[in-house]
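First the structure, in the form of structure tokens, and then the observations on it.
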Amino acid sequence: MYKKDFYFLGKITKTSGYKGNLMFFFDVDDIGPYHDLGVVFIDISGELIPFVITNLQFKNNRNAIVKLEDITTEEQALALVGYELYLPLSFLPNLSGNKFYFHEVTGFTVLDINYGIIGEIDHVFDQSGHAIFVIQGNGKEILIPVTDEFIKNVDRLKRTIEIETPPGLIEIYL
């Protein structure tokens, strides 16, 4: 198993009760696909370890009380608090239209309506709360905010994203 074949699902935030229950925070837009989740992978010291979920009860839009198989005491549960949760990429629901997962657009060519080919997406920087395409083009690194306002078309077959940026944004890189 390689971490590159998984996606970040969320985090274990705290214990719940004294029988080994945990509180999971799901860092997703739609929790619907996760109501029947039967397994989760926990990143423990860089290794993704599978844990079977025996009970999952959502408390609100993104938080759930979870019972994991073989975690029966508060001490065992407390040892897992703070760890990150992952699932295989194959668990992701398919997106269509101009919606995409950041990992799937790596390597896509970016075309600006006014300037033509800008370059290729190296990765998406998503640490600041505002995602940014990091594009390599003409030997330069070009940073474009990932926003619905700029994205005009995503063509998965041609592996292209067509954008229209405000005047001046592309010019600073040319």
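Chain labels A, B, ... are given in the sequence in which chains occur in the structure tokens; within each chain residues are numbered consecutively from 1, and ligands are likewise numbered from 1 in the order shown.
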Problem - Who sits within 6 Å of range 133-136 of chain A, only C-alpha atoms, same chain under 5 positions skipped, as a list in words - result: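 Once the adjacent positions are removed, what remains is Gly119, Glu120, Ile121, Asp122, His123, Val124, Glu141, Ile142, Leu143 and Ile144 of chain A.
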Save the residues we just selected, C-alpha atoms, as a PDB file, in the first residue's frame?
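Output file again06.pdb follows:
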ATOM      1  CA  GLY A 119       1.541  25.141 -18.832  1.00  0.00           C
ATOM      2  CA  GLU A 120       0.963  21.888 -16.996  1.00  0.00           C
ATOM      3  CA  ILE A 121      -0.383  21.470 -13.467  1.00  0.00           C
ATOM      4  CA  ASP A 122       2.449  20.243 -11.272  1.00  0.00           C
ATOM      5  CA  HIS A 123       0.263  20.003  -8.173  1.00  0.00           C
ATOM      6  CA  VAL A 124      -2.464  21.812  -6.272  1.00  0.00           C
ATOM      7  CA  GLU A 141       6.160  28.477 -11.886  1.00  0.00           C
ATOM      8  CA  ILE A 142       2.715  30.048 -12.352  1.00  0.00           C
ATOM      9  CA  LEU A 143       0.227  30.248  -9.488  1.00  0.00           C
ATOM     10  CA  ILE A 144      -3.486  30.459 -10.261  1.00  0.00           C
TER      11      ILE A 144
END
Practice task
Check chain A with DSSP on the backbone and list each residue it calls alpha helix (DSSP H), as a PyMOL selection string.
Solution key: chain A and resi 74-78
Write the residues of the preceding selection, restricted to N, CA and C atoms, as a short mmCIF file (atom, residue, chain, number, x, y, z; two decimals), in the first residue's frame.
data_model
loop_
_atom_site.label_atom_id
_atom_site.label_comp_id
_atom_site.auth_asym_id
_atom_site.auth_seq_id
_atom_site.Cartn_x
_atom_site.Cartn_y
_atom_site.Cartn_z
N GLU A 74 -10.92 3.12 26.98
CA GLU A 74 -10.66 4.54 26.79
C GLU A 74 -9.17 4.78 26.51
N GLU A 75 -8.30 4.00 27.15
CA GLU A 75 -6.86 4.14 26.95
C GLU A 75 -6.46 3.81 25.51
N GLN A 76 -7.01 2.73 24.97
CA GLN A 76 -6.72 2.36 23.58
C GLN A 76 -7.21 3.45 22.63
N ALA A 77 -8.40 3.97 22.90
CA ALA A 77 -8.96 5.03 22.05
C ALA A 77 -8.13 6.30 22.15
N LEU A 78 -7.73 6.66 23.34
CA LEU A 78 -6.95 7.87 23.56
C LEU A 78 -5.63 7.83 22.79
#
May I have the residues within 8 Å of Gly38 in chain A as an mmCIF file with C-alpha atoms, in the first residue's frame, using only C-alpha atoms and disregarding those fewer than 2 positions away in the same chain?
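Saved file around-v4.cif follows:
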data_model
loop_
_atom_site.group_PDB
_atom_site.id
_atom_site.type_symbol
_atom_site.label_atom_id
_atom_site.label_comp_id
_atom_site.auth_asym_id
_atom_site.auth_seq_id
_atom_site.Cartn_x
_atom_site.Cartn_y
_atom_site.Cartn_z
ATOM 1 C CA ASP A 36 -22.069 2.857 5.604
ATOM 2 C CA VAL A 40 -10.831 3.187 7.586
ATOM 3 C CA VAL A 52 -12.791 -2.224 10.885
ATOM 4 C CA ILE A 53 -15.653 0.056 11.865
ATOM 5 C CA THR A 54 -18.303 -1.758 13.907
#
Proximity check range 46-144 of chain A to range 151-159 of chain A, 8 Å, nearest pairs one decimal Å, only C-alpha atoms, as a tab-separated table:
residue	atom	partner	partner_atom	distance
A:Gly97	CA	A:Val154	CA	6.6
A:Asn98	CA	A:Val154	CA	5.1
A:Lys99	CA	A:Val154	CA	7.8
A:Val105	CA	A:Arg159	CA	7.5
A:Gly107	CA	A:Arg159	CA	7.6
A:Phe108	CA	A:Arg159	CA	4.8
A:Thr109	CA	A:Arg159	CA	6.4
Could the residues in this selection be saved with C-alpha atoms as a compact mmCIF listing (two decimals), in the first residue's frame?
# COMPACT_ATOMS: atom_id res chain seq x y z
CA GLY A 97 -18.44 18.59 -15.41
CA ASN A 98 -16.08 21.20 -13.98
CA LYS A 99 -15.83 19.46 -10.60
CA VAL A 105 -5.77 17.13 -12.46
CA GLY A 107 -0.48 16.75 -15.35
CA PHE A 108 -3.45 18.49 -17.02
CA THR A 109 -2.63 21.27 -19.48
Handout entry: Contact residues around Leu56 in chain A with only C-alpha atoms at 10 Å, ignoring same-chain residues under 5 positions, as a ChimeraX atom specification
Key = /A:21-24,34-38,64-68
Resulting file, chosen residues, C-alpha atoms, as a JSON list (two decimals), in the first residue's frame:
[["chain", "number", "residue", "atom", "x", "y", "z"],
["A", 21, "ASN", "CA", -15.44, 5.10, 21.11],
["A", 22, "LEU", "CA", -13.80, 7.83, 19.06],
["A", 23, "MET", "CA", -14.93, 11.07, 17.47],
["A", 24, "PHE", "CA", -14.01, 11.34, 13.78],
["A", 34, "TYR", "CA", -19.64, 7.57, 4.24],
["A", 35, "HIS", "CA", -22.73, 6.56, 6.24],
["A", 36, "ASP", "CA", -22.07, 2.86, 5.60],
["A", 37, "LEU", "CA", -18.29, 3.01, 5.90],
["A", 38, "GLY", "CA", -16.94, -0.35, 7.07],
["A", 64, "ALA", "CA", -19.31, 11.02, 13.95],
["A", 65, "ILE", "CA", -18.93, 8.77, 16.96],
["A", 66, "VAL", "CA", -17.12, 5.65, 15.78],
["A", 67, "LYS", "CA", -16.51, 2.26, 17.32],
["A", 68, "LEU", "CA", -13.50, 0.39, 15.92]]
Practice task
Determine, counting only C-alpha atoms, which protein, DNA and RNA residues have an atom within 6 Å of an atom of Ile118 in chain A; residues of the same chain fewer than 2 positions away are not included. Present the result as a ChimeraX atom specification.
Solution key: /A:110-111,137
Exercise for the section: Quick one: pull the distance between CA of Thr72 in chain A and CA of Asn55 in chain A, Å, one decimal. Expected result: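 These two atoms are separated by 12.6 Å.
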Exercise for the section: Check the smallest atom-to-atom distance from each of A:Tyr86, A:Val81, A:Asn63, A:Ile172 to Gly46 in chain A using only C-alpha atoms, then report the winner. Expected result: A:Tyr86
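As for CA of Thr147 in chain A and CA of Asn114 in chain A, they are spaced 17.3 Å apart.
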